[in-house]
Each structure stands twice: as structure tokens, then as C-alpha cells.
$ cat data13.txt   # compact mmCIF, N, CA and C atoms
# COMPACT_ATOMS: atom_id res chain seq x y z
N VAL Z 25 11.70 12.05 2.10
CA VAL Z 25 11.26 12.37 0.75
C VAL Z 25 11.53 11.16 -0.13
N TRP Z 26 10.51 10.76 -0.85
CA TRP Z 26 10.64 9.61 -1.75
C TRP Z 26 11.29 10.04 -3.04
N SER Z 27 12.30 9.31 -3.47
CA SER Z 27 13.03 9.67 -4.69
C SER Z 27 12.39 9.10 -5.95
N GLY Z 28 11.34 8.30 -5.79
CA GLY Z 28 10.64 7.78 -6.95
C GLY Z 28 11.19 6.47 -7.48
N ASP Z 29 12.03 5.81 -6.70
CA ASP Z 29 12.62 4.57 -7.18
C ASP Z 29 11.77 3.36 -6.77
N GLN Z 30 11.87 2.32 -7.55
CA GLN Z 30 11.06 1.13 -7.35
C GLN Z 30 11.40 0.42 -6.04
N GLU Z 31 12.66 0.37 -5.69
CA GLU Z 31 13.06 -0.32 -4.45
C GLU Z 31 12.40 0.31 -3.22
N THR Z 32 12.40 1.63 -3.16
CA THR Z 32 11.78 2.31 -2.03
C THR Z 32 10.27 2.12 -2.03
N PHE Z 33 9.65 2.21 -3.20
CA PHE Z 33 8.21 1.97 -3.29
C PHE Z 33 7.88 0.57 -2.76
N ASP Z 34 8.65 -0.42 -3.20
CA ASP Z 34 8.42 -1.80 -2.75
C ASP Z 34 8.57 -1.93 -1.24
N GLN Z 35 9.59 -1.29 -0.67
CA GLN Z 35 9.79 -1.36 0.78
C GLN Z 35 8.62 -0.74 1.53
N ILE Z 36 8.17 0.40 1.06
CA ILE Z 36 7.04 1.07 1.71
C ILE Z 36 5.78 0.23 1.61
N PHE Z 37 5.53 -0.34 0.44
CA PHE Z 37 4.33 -1.15 0.28
C PHE Z 37 4.41 -2.44 1.09
N GLU Z 38 5.58 -3.03 1.18
CA GLU Z 38 5.74 -4.24 2.02
C GLU Z 38 5.46 -3.91 3.49
N TRP Z 39 5.97 -2.75 3.97
CA TRP Z 39 5.67 -2.34 5.34
C TRP Z 39 4.17 -2.17 5.51
N THR Z 40 3.54 -1.52 4.55
CA THR Z 40 2.10 -1.27 4.61
C THR Z 40 1.33 -2.59 4.68
N LYS Z 41 1.70 -3.53 3.83
CA LYS Z 41 1.02 -4.83 3.85
C LYS Z 41 1.27 -5.57 5.17
N SER Z 42 2.51 -5.56 5.63
CA SER Z 42 2.86 -6.29 6.85
C SER Z 42 2.20 -5.71 8.10
N ASN Z 43 2.05 -4.40 8.14
CA ASN Z 43 1.57 -3.74 9.35
C ASN Z 43 0.11 -3.31 9.31
N LEU Z 44 -0.43 -3.06 8.14
CA LEU Z 44 -1.79 -2.52 8.06
C LEU Z 44 -2.80 -3.43 7.38
N GLN Z 45 -2.33 -4.38 6.56
CA GLN Z 45 -3.29 -5.20 5.82
C GLN Z 45 -3.91 -6.26 6.72
N ARG Z 46 -5.22 -6.30 6.70
CA ARG Z 46 -5.96 -7.27 7.51
C ARG Z 46 -5.88 -8.64 6.86
N LYS Z 47 -5.83 -9.66 7.67
CA LYS Z 47 -5.65 -11.03 7.17
C LYS Z 47 -6.91 -11.59 6.50
N GLY Z 48 -8.07 -11.34 7.05
CA GLY Z 48 -9.28 -11.97 6.56
C GLY Z 48 -9.76 -11.49 5.20
N ASP Z 49 -9.69 -10.18 4.97
CA ASP Z 49 -10.26 -9.63 3.73
C ASP Z 49 -9.27 -8.82 2.91
N ALA Z 50 -8.04 -8.69 3.37
CA ALA Z 50 -6.95 -7.99 2.67
C ALA Z 50 -7.15 -6.48 2.58
N LEU Z 51 -8.15 -5.94 3.29
CA LEU Z 51 -8.29 -4.49 3.36
C LEU Z 51 -7.25 -3.97 4.35
N PHE Z 52 -7.09 -2.64 4.39
CA PHE Z 52 -6.06 -2.04 5.22
C PHE Z 52 -6.66 -1.29 6.40
N ALA Z 53 -6.07 -1.51 7.58
CA ALA Z 53 -6.48 -0.74 8.76
C ALA Z 53 -6.15 0.72 8.51
N TRP Z 54 -6.99 1.59 9.02
CA TRP Z 54 -6.82 3.01 8.70
C TRP Z 54 -6.04 3.80 9.73
N LYS Z 55 -5.92 3.30 10.95
CA LYS Z 55 -5.30 4.14 11.99
C LYS Z 55 -4.13 3.42 12.65
N TRP Z 56 -2.98 4.09 12.61
CA TRP Z 56 -1.73 3.56 13.15
C TRP Z 56 -1.12 4.59 14.09
N HIS Z 57 -0.69 4.11 15.25
CA HIS Z 57 0.11 4.93 16.17
C HIS Z 57 1.03 3.97 16.91
N HIS Z 58 2.17 3.66 16.32
CA HIS Z 58 3.13 2.67 16.80
C HIS Z 58 2.59 1.24 16.72
N LYS Z 59 1.32 1.11 16.42
CA LYS Z 59 0.63 -0.16 16.18
C LYS Z 59 -0.74 0.20 15.62
N VAL Z 60 -1.45 -0.78 15.11
CA VAL Z 60 -2.81 -0.53 14.63
C VAL Z 60 -3.68 -0.21 15.84
N VAL Z 61 -4.31 0.94 15.82
CA VAL Z 61 -5.21 1.32 16.92
C VAL Z 61 -6.67 1.29 16.48
N ASP Z 62 -6.90 1.16 15.19
CA ASP Z 62 -8.26 0.96 14.67
C ASP Z 62 -8.15 0.15 13.39
N ALA Z 63 -8.58 -1.09 13.45
CA ALA Z 63 -8.42 -2.01 12.32
C ALA Z 63 -9.48 -1.85 11.24
N ASN Z 64 -10.44 -0.96 11.46
CA ASN Z 64 -11.44 -0.73 10.42
C ASN Z 64 -10.75 -0.17 9.18
N SER Z 65 -11.33 -0.45 8.02
CA SER Z 65 -10.78 0.10 6.78
C SER Z 65 -11.48 1.43 6.47
N ALA Z 66 -10.89 2.17 5.55
CA ALA Z 66 -11.46 3.43 5.10
C ALA Z 66 -11.46 3.40 3.57
N SER Z 67 -12.61 3.61 2.97
CA SER Z 67 -12.71 3.47 1.51
C SER Z 67 -11.79 4.44 0.77
N ASP Z 68 -11.60 5.64 1.29
CA ASP Z 68 -10.70 6.57 0.59
C ASP Z 68 -9.26 6.08 0.63
N ALA Z 69 -8.84 5.49 1.72
CA ALA Z 69 -7.49 4.93 1.80
C ALA Z 69 -7.33 3.74 0.86
N GLU Z 70 -8.35 2.91 0.78
CA GLU Z 70 -8.30 1.75 -0.13
C GLU Z 70 -8.13 2.21 -1.57
N THR Z 71 -8.87 3.24 -1.98
CA THR Z 71 -8.74 3.73 -3.35
C THR Z 71 -7.40 4.43 -3.56
N ASP Z 72 -6.88 5.11 -2.54
CA ASP Z 72 -5.56 5.74 -2.67
C ASP Z 72 -4.48 4.68 -2.87
N ILE Z 73 -4.55 3.60 -2.13
CA ILE Z 73 -3.57 2.52 -2.27
C ILE Z 73 -3.69 1.89 -3.66
N ALA Z 74 -4.89 1.61 -4.10
CA ALA Z 74 -5.09 1.03 -5.43
C ALA Z 74 -4.56 1.97 -6.51
N PHE Z 75 -4.83 3.26 -6.37
CA PHE Z 75 -4.36 4.23 -7.36
C PHE Z 75 -2.83 4.30 -7.37
N ALA Z 76 -2.20 4.27 -6.20
CA ALA Z 76 -0.73 4.27 -6.13
C ALA Z 76 -0.16 3.05 -6.83
N LEU Z 77 -0.82 1.91 -6.67
CA LEU Z 77 -0.36 0.69 -7.34
C LEU Z 77 -0.54 0.77 -8.86
N ILE Z 78 -1.62 1.38 -9.31
CA ILE Z 78 -1.83 1.57 -10.75
C ILE Z 78 -0.73 2.48 -11.31
N LEU Z 79 -0.44 3.57 -10.61
CA LEU Z 79 0.63 4.47 -11.06
C LEU Z 79 1.99 3.76 -11.05
N ALA Z 80 2.23 2.94 -10.04
CA ALA Z 80 3.49 2.18 -9.98
C ALA Z 80 3.59 1.20 -11.14
N SER Z 81 2.48 0.59 -11.51
CA SER Z 81 2.52 -0.36 -12.63
C SER Z 81 2.94 0.35 -13.92
N ARG Z 82 2.52 1.59 -14.08
CA ARG Z 82 2.91 2.37 -15.26
C ARG Z 82 4.34 2.87 -15.15
N ARG Z 83 4.68 3.41 -14.00
CA ARG Z 83 6.02 3.99 -13.82
C ARG Z 83 7.11 2.93 -13.95
N PHE Z 84 6.88 1.76 -13.33
CA PHE Z 84 7.89 0.71 -13.30
C PHE Z 84 7.64 -0.38 -14.34
N GLU Z 85 6.61 -0.17 -15.17
CA GLU Z 85 6.26 -1.11 -16.25
C GLU Z 85 6.19 -2.56 -15.74
N SER Z 86 5.36 -2.74 -14.70
CA SER Z 86 5.21 -4.05 -14.08
C SER Z 86 3.74 -4.33 -13.80
N SER Z 87 3.25 -5.41 -14.35
CA SER Z 87 1.84 -5.76 -14.15
C SER Z 87 1.56 -6.29 -12.75
N ARG Z 88 2.59 -6.63 -12.00
CA ARG Z 88 2.34 -7.16 -10.64
C ARG Z 88 1.67 -6.12 -9.75
N TYR Z 89 1.99 -4.84 -9.94
CA TYR Z 89 1.33 -3.79 -9.16
C TYR Z 89 -0.14 -3.67 -9.55
N LEU Z 90 -0.40 -3.80 -10.84
CA LEU Z 90 -1.78 -3.73 -11.31
C LEU Z 90 -2.60 -4.89 -10.75
N HIS Z 91 -2.01 -6.05 -10.69
CA HIS Z 91 -2.67 -7.23 -10.11
C HIS Z 91 -3.00 -6.97 -8.64
N GLN Z 92 -2.07 -6.39 -7.90
CA GLN Z 92 -2.31 -6.10 -6.48
C GLN Z 92 -3.38 -5.01 -6.32
N ALA Z 93 -3.43 -4.08 -7.25
CA ALA Z 93 -4.44 -3.01 -7.19
C ALA Z 93 -5.84 -3.58 -7.31
N ARG Z 94 -5.99 -4.61 -8.10
CA ARG Z 94 -7.31 -5.22 -8.28
C ARG Z 94 -7.74 -5.94 -7.04

$ encode --input "data13.txt" --output "C-alpha cells"
Amino acid sequence: VWSGDQETFDQIFEWTKSNLQRKGDALFAWKWHHKVVDANSASDAETDIAFALILASRRFESSRYLHQAR
């Protein structure tokens, strides 16, 4: 359960970028099972990630999340 703190959000997003973000276009692979098993992106996941970053920018009052959302 996420407690809503910035440190945990940052750790989760760093894991997501390190393990799911594609190098060429910065989109995120959609399917993971101990490793990426399908590197294709999914538009709904991309918008969910962007929305989470927008909410984080407001919650933590940091424009760096908004920049990453764009």
C-alpha cells in the first residue's frame, strides 16, 4: 500500500523507467512478467503514467513531474 509520500513515488517511477521505458522513443512497454515480455506500448498506460505525473506535480509542488508528463 502506497502511503502517498514523494520518496516512494520517486522509487516506483524510477523502477518503471528503468524496467519498462523503451530507449528509442521513451514510451513504456506494457507487459511485464519478471522481465518485459511485450515491448509494445499501450496508449491507455501512457496516459495513466502522464496523469500520475501531473497529479504528483500538484501533490509534491514540483514542476519536474509535469515536465516528465509532457

$ atom_distance --input "data13.txt" --atom1 "atom C of Phe84 (chain Z)" --atom2 "CA of Ser42 (chain Z)"
22.5 Å

$ atom_distance --input "data13.txt" --atom1 "CA of Ala80 (chain Z)" --atom2 "CA of Ile36 (chain Z)"
12.3 Å

$ closest_residue --input "data13.txt" --among "Z:Ser86, Z:Glu31, Z:Lys41, Z:Ala53" --to "Asp68 (chain Z)" --atoms "only C-alpha atoms"
Z:Ala53

$ atom_distance --input "data13.txt" --atom1 "CA of Leu77 (chain Z)" --atom2 "CA of Asp49 (chain Z)"
18.1 Å

$ closest_residue --input "data13.txt" --among "Z:Gln92, Z:Trp39, Z:Val60, Z:Lys47" --to "Ile73 (chain Z)" --atoms "only C-alpha atoms"
Z:Gln92

$ residues_around --input "data13.txt" --residues "His57 (chain Z)" --least-positions-apart "5" --cutoff "12 Å" --atoms "only C-alpha atoms" --output "MDAnalysis selection string"
chainID Z and resid 43:44 62:63

$ residues_near_point --input "data13.txt" --point "(-10.4, 3.2, 7.6)" --cutoff "10 Å" --atoms "only C-alpha atoms" --output "list in words"
Leu51, Phe52, Ala53, Trp54, Lys55, Asp62, Ala63, Asn64, Ser65, Ala66, Ser67, Asp68, Ala69 and Glu70 of chain Z

$ select_by_dssp --input "data13.txt" --residues "chain Z" --states "strand (DSSP E)" --output "mmCIF file with N, CA and C atoms, in the frame of the given file"
data_model
loop_
_atom_site.group_PDB
_atom_site.id
_atom_site.type_symbol
_atom_site.label_atom_id
_atom_site.label_comp_id
_atom_site.auth_asym_id
_atom_site.auth_seq_id
_atom_site.Cartn_x
_atom_site.Cartn_y
_atom_site.Cartn_z
ATOM 1 N N LYS Z 55 -5.920 3.300 10.950
ATOM 2 C CA LYS Z 55 -5.300 4.140 11.990
ATOM 3 C C LYS Z 55 -4.130 3.420 12.650
ATOM 4 N N TRP Z 56 -2.980 4.090 12.610
ATOM 5 C CA TRP Z 56 -1.730 3.560 13.150
ATOM 6 C C TRP Z 56 -1.120 4.590 14.090
ATOM 7 N N VAL Z 60 -1.450 -0.780 15.110
ATOM 8 C CA VAL Z 60 -2.810 -0.530 14.630
ATOM 9 C C VAL Z 60 -3.680 -0.210 15.840
ATOM 10 N N VAL Z 61 -4.310 0.940 15.820
ATOM 11 C CA VAL Z 61 -5.210 1.320 16.920
ATOM 12 C C VAL Z 61 -6.670 1.290 16.480
ATOM 13 N N ASP Z 62 -6.900 1.160 15.190
ATOM 14 C CA ASP Z 62 -8.260 0.960 14.670
ATOM 15 C C ASP Z 62 -8.150 0.150 13.390
#

$ select_by_dssp --input "data13.txt" --residues "region 49-84 of chain Z" --states "helix (DSSP H, G or I)" --output "number ranges by chain"
Z: 67-83

$ build_atoms --input "data13.txt" --residues "region 27-45 of chain Z" --atoms "N, CA, C and O atoms" --output "short mmCIF file (atom, residue, chain, number, x, y, z; two decimals), keeping the file's coordinate frame"
data_model
loop_
_atom_site.label_atom_id
_atom_site.label_comp_id
_atom_site.auth_asym_id
_atom_site.auth_seq_id
_atom_site.Cartn_x
_atom_site.Cartn_y
_atom_site.Cartn_z
N SER Z 27 12.30 9.31 -3.47
CA SER Z 27 13.03 9.67 -4.69
C SER Z 27 12.39 9.10 -5.95
O SER Z 27 12.87 9.36 -7.04
N GLY Z 28 11.34 8.30 -5.79
CA GLY Z 28 10.64 7.78 -6.95
C GLY Z 28 11.19 6.47 -7.48
O GLY Z 28 10.82 6.04 -8.57
N ASP Z 29 12.03 5.81 -6.70
CA ASP Z 29 12.62 4.57 -7.18
C ASP Z 29 11.77 3.36 -6.77
O ASP Z 29 11.04 3.38 -5.79
N GLN Z 30 11.87 2.32 -7.55
CA GLN Z 30 11.06 1.13 -7.35
C GLN Z 30 11.40 0.42 -6.04
O GLN Z 30 10.50 -0.07 -5.34
N GLU Z 31 12.66 0.37 -5.69
CA GLU Z 31 13.06 -0.32 -4.45
C GLU Z 31 12.40 0.31 -3.22
O GLU Z 31 11.87 -0.39 -2.36
N THR Z 32 12.40 1.63 -3.16
CA THR Z 32 11.78 2.31 -2.03
C THR Z 32 10.27 2.12 -2.03
O THR Z 32 9.67 1.86 -0.98
N PHE Z 33 9.65 2.21 -3.20
CA PHE Z 33 8.21 1.97 -3.29
C PHE Z 33 7.88 0.57 -2.76
O PHE Z 33 6.96 0.40 -1.97
N ASP Z 34 8.65 -0.42 -3.20
CA ASP Z 34 8.42 -1.80 -2.75
C ASP Z 34 8.57 -1.93 -1.24
O ASP Z 34 7.78 -2.62 -0.58
N GLN Z 35 9.59 -1.29 -0.67
CA GLN Z 35 9.79 -1.36 0.78
C GLN Z 35 8.62 -0.74 1.53
O GLN Z 35 8.15 -1.29 2.53
N ILE Z 36 8.17 0.40 1.06
CA ILE Z 36 7.04 1.07 1.71
C ILE Z 36 5.78 0.23 1.61
O ILE Z 36 5.04 0.06 2.59
N PHE Z 37 5.53 -0.34 0.44
CA PHE Z 37 4.33 -1.15 0.28
C PHE Z 37 4.41 -2.44 1.09
O PHE Z 37 3.40 -2.89 1.65
N GLU Z 38 5.58 -3.03 1.18
CA GLU Z 38 5.74 -4.24 2.02
C GLU Z 38 5.46 -3.91 3.49
O GLU Z 38 4.82 -4.68 4.19
N TRP Z 39 5.97 -2.75 3.97
CA TRP Z 39 5.67 -2.34 5.34
C TRP Z 39 4.17 -2.17 5.51
O TRP Z 39 3.59 -2.61 6.51
N THR Z 40 3.54 -1.52 4.55
CA THR Z 40 2.10 -1.27 4.61
C THR Z 40 1.33 -2.59 4.68
O THR Z 40 0.43 -2.75 5.51
N LYS Z 41 1.70 -3.53 3.83
CA LYS Z 41 1.02 -4.83 3.85
C LYS Z 41 1.27 -5.57 5.17
O LYS Z 41 0.34 -6.12 5.75
N SER Z 42 2.51 -5.56 5.63
CA SER Z 42 2.86 -6.29 6.85
C SER Z 42 2.20 -5.71 8.10
O SER Z 42 1.85 -6.44 9.02
N ASN Z 43 2.05 -4.40 8.14
CA ASN Z 43 1.57 -3.74 9.35
C ASN Z 43 0.11 -3.31 9.31
O ASN Z 43 -0.50 -3.17 10.37
N LEU Z 44 -0.43 -3.06 8.14
CA LEU Z 44 -1.79 -2.52 8.06
C LEU Z 44 -2.80 -3.43 7.38
O LEU Z 44 -4.00 -3.26 7.58
N GLN Z 45 -2.33 -4.38 6.56
CA GLN Z 45 -3.29 -5.20 5.82
C GLN Z 45 -3.91 -6.26 6.72
O GLN Z 45 -3.20 -7.00 7.41
#
